[in-house]
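Working notes, beginning with the structure itself.
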Amino acid sequence: IVCTKAISNSDGTPGTSDSPHVVCFGELLIDFVPTVSGVSLADAPAFKKAPGGAPANVAVGIARLGGSAAFIGKVGDDEFGYMLSDMLKENNVNNQGLLFDTHARTALAFVTLRSDGEREFMFYRNPSADMLLEEKELDLDLIRKAKIFHHGSISLITEPCKTAHIAASKAAKDAGVLISYDPNLRLPLWTSADDARDGILSIWDTADLIKVSAEEISFLTNGEDPYDDSVVKKLIHPNTKLLLVTEGPDGCRYYSKEFSGKVGGLKVTAVDTTGAGDAFVAGILSQLAADFSLLQDEARLREALKFANICGALTVTERGAIPALPTRQQVADALTNVVA
């Protein structure tokens, strides 16, 4: 257990005496989720707005589990941008690295939920504020003081955000911060599949911890079998401390230089899979931030991954990502109901 001295911020909210342990970098946007499942965007009668953006979901997920997280990115100087900034604050995520752009709107994504809870996306980003973050606007101090820097690939698609992203990641790496990467493939946002593959792999070698889905492995290896260990092992580079492959309800596989294996998941009824992968990442990063030695101890790593799998499972039982992210107590309750 990490003890940090509880102090109060000037506005009376509780704070901790040190910098946030996990800094998440990237996009923060509004997802418009249909009020009914199993219909196309055209046929959806109404949409409910939900805060989204994978790195932001991870930051909120960590804070909800009792961890310490910050988010760095950009939203529009508009009502949705203010709403998202408030949402971070309400969820105890440090938002001092969040910027507002006066020239562009907060990004929007319309998400259709198929009847099985899986999603299709339509994005409004031409350009949206998150794409306009510049290197000179970065809070490098926040990044250098972190234990873990977590990022995705969407912020690599366009300039100036791409340059800012690479600079943020380099500042983290140079300061000895653990780099966590979830490529979070969103093909419609890239100009082509080849660009997406090249972009995602362009920063692959800098990551200490990588989380990918089976579909992403198949995509990155040009259609090879994601369930074949020899295929997965091609994605392990000399810097990789841990590669995690998520398999939804089936749990996850883990690969390090010393060991590999599989940890089963929790079977639940999926209402909306949005944010499940982000909740899983929040689960494992919140454990790692408290103790990096998990990476060398397979038994304890498996326990941490079981915890992360439950974080993911609990998130799919409710609509929207952020509203569904679990608290530590909810995960503990679910763990006691699972026979190991």
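Residues are referred to by chain and number: the chain letter is A, B, ... according to the order shown in the structure tokens, the number counts from 1 in that chain, and ligands are numbered separately from 1 in the order shown.
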
Name the residues of segment 37-256 of chain A that come out as helix (DSSP H, G or I) in a backbone DSSP run; write them as a PyMOL selection string.
chain A and resi 54-64+79-90+129-132+135-137+140-144+154-156+161-174+187-189+193-202+204-206+214-220+229-233+248-250

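You will find atom CA of Glu318 of chain A at 19.2 Å from atom CA of Pro45 of chain A.
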
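When atom CA of Ala63 of chain A is paired with atom CA of Phe110 of chain A, their separation reads 26.0 Å.
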
Judged by only C-alpha atoms, the minimum distance to Glu134 of chain A among A:Gly73, A:Ala332, A:Phe121, A:Ala109 is found for A:Gly73

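Nearest-residue note for Ala193 of chain A: choosing from A:Val39, A:Glu216, A:Lys262, A:Ala290, the minimum distance belongs to A:Glu216, counting only C-alpha atoms.
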
Could you give me, as an MDAnalysis selection string, the residues within 9 Å of Ser169 of chain A, counting only C-alpha atoms and dropping anything in the same chain fewer than 3 positions from it?
-> chainID A and resid 25 143 149:151 164:166 172:174 179 206

Could you turn the residues from that selection into a file that holds C-alpha atoms, as a PDB file, in the first residue's frame?
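The resulting file, again_25.pdb, is shown below:
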ATOM      1  CA  PHE A  25      -1.910  11.524 -22.905  1.00  0.00           C
ATOM      2  CA  ILE A 143       5.207  13.989 -17.326  1.00  0.00           C
ATOM      3  CA  PHE A 149       3.155   7.540 -18.973  1.00  0.00           C
ATOM      4  CA  HIS A 150       0.214   5.998 -20.844  1.00  0.00           C
ATOM      5  CA  HIS A 151      -0.664   6.798 -24.454  1.00  0.00           C
ATOM      6  CA  ALA A 164       3.578  16.959 -29.308  1.00  0.00           C
ATOM      7  CA  HIS A 165       2.860  13.270 -28.648  1.00  0.00           C
ATOM      8  CA  ILE A 166       6.380  12.169 -29.630  1.00  0.00           C
ATOM      9  CA  ALA A 172       8.859  10.499 -20.171  1.00  0.00           C
ATOM     10  CA  LYS A 173      11.365   7.984 -21.518  1.00  0.00           C
ATOM     11  CA  ASP A 174      14.338  10.270 -20.810  1.00  0.00           C
ATOM     12  CA  ILE A 179       5.875   3.819 -20.930  1.00  0.00           C
ATOM     13  CA  THR A 206       9.639   2.710 -27.068  1.00  0.00           C
TER      14      THR A 206
END

> Looking only at the backbone, which of the residues in segment 45-260 of chain A does DSSP tag as strand (DSSP E), as a ChimeraX atom specification?
Replying inline: /A:47-52,69-76,94-101,108-113,119-124,148-151,178-181,209-213,242-246,252-255,260

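Distance annotation: of A:Val111, A:Ala299, A:Ala276, A:Val23, the residue with the minimal separation from Lys145 of chain A is A:Val23; atom set is only C-alpha atoms.
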
Go through segment 180-216 of chain A residue by residue and, counting only C-alpha atoms, keep those with an atom at most 7 Å from segment 224-247 of chain A; for each kept residue give the shortest atom pair and its distance in Å to one decimal, ordered by chain and increasing number, as a tab-separated table.
residue	atom	partner	partner_atom	distance
A:Asp205	CA	A:His237	CA	6.1
A:Thr206	CA	A:Asn239	CA	6.8
A:Ala207	CA	A:Thr240	CA	6.4
A:Asp208	CA	A:Thr240	CA	4.7
A:Leu209	CA	A:Leu242	CA	4.9
A:Ile210	CA	A:Leu243	CA	4.8
A:Lys211	CA	A:Leu244	CA	4.6
A:Val212	CA	A:Val245	CA	5.0
A:Ser213	CA	A:Thr246	CA	4.8
A:Ala214	CA	A:Pro226	CA	5.3

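Shortest atom-to-atom contact with Gln329 of chain A among A:His103, A:Arg64, A:Arg197, A:Lys162: A:Arg64, counting only C-alpha atoms.
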
| query | Using only C-alpha atoms, which residues sit within 9 Å of segment 88-102 of chain A once same-chain residues fewer than 2 positions away are excluded, as a VMD selection string? | reply | chain A and resid 14 to 15 20 23 56 59 to 64 68 to 78 81 to 86 104 to 106 129 to 130 132 to 133 137 to 139 142

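Taking only C-alpha atoms into account, Ala42 of chain A lies nearest to A:Met122 out of the set A:Lys170, A:Met122, A:Glu27, A:Gln296.
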
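For the atom pair formed by atom CA of Ser115 of chain A and atom CA of Ala44 of chain A, the distance is 12.5 Å, given to one decimal.
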
From the list A:Glu135, A:Asp141, A:Asp31, A:Asp291, the nearest residue to Pro160 of chain A using only C-alpha atoms is A:Glu135

Residues near Phe307 of chain A, anyone? I mean within 8 Å using only C-alpha atoms, not counting same-chain ones fewer than 2 positions away, as a count of residues only.
10

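Summary of the local environment: counting only C-alpha atoms, residues at most 8 Å from Ile157 of chain A, other than itself and those fewer than 3 positions away along its chain, are Ser153, Ile154, Cys161, Lys162, Leu189, Trp190 and Gly199 of chain A.
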
**Item:** Shell of 6 Å around Leu325 of chain A, only C-alpha atoms, local chain residues under 2 positions omitted, as number ranges by chain
**Value:** A: 61, 315, 322-323
